[in-house]
Amino acid sequence: MRETEILHGSGELGKSRSQKKRESSALQELGEKLAKLGPARLEKYPLPPELKQAILTWKNSNKKDEAARRQMQYIGRLMRERDEEWLEEIRLRLREDPL
């Protein structure tokens with residue numbers, strides 16, 4: 001798959017809207033994997049308190065309702081705020097410790 005970049009008014013290259021959506025979806029999926037971990041396993045991950053609380057809120061919700069979907073989007077947004085090094089550490093830990 002080819003990464004598409006567009007030129008912004010400032011002359012800087014930026015990501016296309018589609019690329020941003022793909023990245024956002026990937027982080028939301030990563031958040032879903034974290035959310036499916038049991039409480040003891042979740043404690044082993046270096047999660048900021050706000051993200052941990054969002055995951056626990058999702059776990060306590062009815063997974064089929066609209067609120068759960070919005071909560072998962074919120075988890076994805078919190079994941080986007082983290083740096084790439086932290087995200088890679090989480091990905092590595094999930095690969096080593098699969099669901």
# chains A, B, ... in the order shown; residues from 1 in each chain; ligands from 1
call {"tool": "select_by_dssp", "arguments": {"residues": "chain A", "states": "strand (DSSP E or B)", "output": "MDAnalysis selection string"}}
result
chainID A and resid 5:7 13:15
call {"tool": "select_by_dssp", "arguments": {"residues": "chain A", "states": "helix (DSSP H, G or I)", "output": "PyMOL selection string"}}
result
chain A and resi 17-35+39-42+49-59+66-80+84-96
call {"tool": "closest_residue", "arguments": {"among": "A:Lys20, A:Arg82, A:Ala68, A:Asn60", "to": "Pro39 in chain A", "atoms": "only C-alpha atoms"}}
result
A:Asn60
call {"tool": "residues_around", "arguments": {"residues": "Leu30 in chain A", "least_positions_apart": "5", "cutoff": "10 Å", "atoms": "only C-alpha atoms", "output": "PDB file with N, CA and C atoms, in the first residue's frame"}}
result
ATOM      1  N   SER A  24      -5.764   6.063  12.684  1.00  0.00           N
ATOM      2  CA  SER A  24      -6.705   6.178  13.794  1.00  0.00           C
ATOM      3  C   SER A  24      -7.380   4.834  14.068  1.00  0.00           C
ATOM      4  N   SER A  25      -7.783   4.149  13.021  1.00  0.00           N
ATOM      5  CA  SER A  25      -8.431   2.841  13.171  1.00  0.00           C
ATOM      6  C   SER A  25      -7.466   1.824  13.774  1.00  0.00           C
ATOM      7  N   ALA A  35      -8.148  -3.540  25.889  1.00  0.00           N
ATOM      8  CA  ALA A  35      -9.397  -3.606  26.639  1.00  0.00           C
ATOM      9  C   ALA A  35      -9.857  -5.046  26.857  1.00  0.00           C
ATOM     10  N   ILE A  75     -10.900   5.939  23.598  1.00  0.00           N
ATOM     11  CA  ILE A  75      -9.674   5.192  23.886  1.00  0.00           C
ATOM     12  C   ILE A  75      -8.689   5.383  22.738  1.00  0.00           C
ATOM     13  N   GLY A  76      -9.184   5.300  21.497  1.00  0.00           N
ATOM     14  CA  GLY A  76      -8.323   5.537  20.331  1.00  0.00           C
ATOM     15  C   GLY A  76      -7.720   6.932  20.337  1.00  0.00           C
ATOM     16  N   MET A  79      -4.957   7.079  22.772  1.00  0.00           N
ATOM     17  CA  MET A  79      -3.792   6.371  22.230  1.00  0.00           C
ATOM     18  C   MET A  79      -3.035   7.268  21.254  1.00  0.00           C
ATOM     19  N   LEU A  87       3.823   3.483  21.983  1.00  0.00           N
ATOM     20  CA  LEU A  87       2.924   2.619  21.215  1.00  0.00           C
ATOM     21  C   LEU A  87       3.640   1.344  20.773  1.00  0.00           C
ATOM     22  N   ILE A  90       3.893  -1.084  23.620  1.00  0.00           N
ATOM     23  CA  ILE A  90       2.612  -1.764  23.851  1.00  0.00           C
ATOM     24  C   ILE A  90       2.404  -2.855  22.798  1.00  0.00           C
ATOM     25  N   ARG A  91       2.669  -2.538  21.531  1.00  0.00           N
ATOM     26  CA  ARG A  91       2.523  -3.547  20.459  1.00  0.00           C
ATOM     27  C   ARG A  91       3.418  -4.755  20.734  1.00  0.00           C
ATOM     28  N   LEU A  94       2.069  -6.891  23.547  1.00  0.00           N
ATOM     29  CA  LEU A  94       0.897  -7.667  23.134  1.00  0.00           C
ATOM     30  C   LEU A  94       1.299  -8.849  22.254  1.00  0.00           C
TER      31      LEU A  94
END
call {"tool": "closest_residue", "arguments": {"among": "A:Arg69, A:Lys15, A:Arg41, A:Arg77", "to": "Leu27 in chain A", "atoms": "only C-alpha atoms"}}
result
A:Arg77
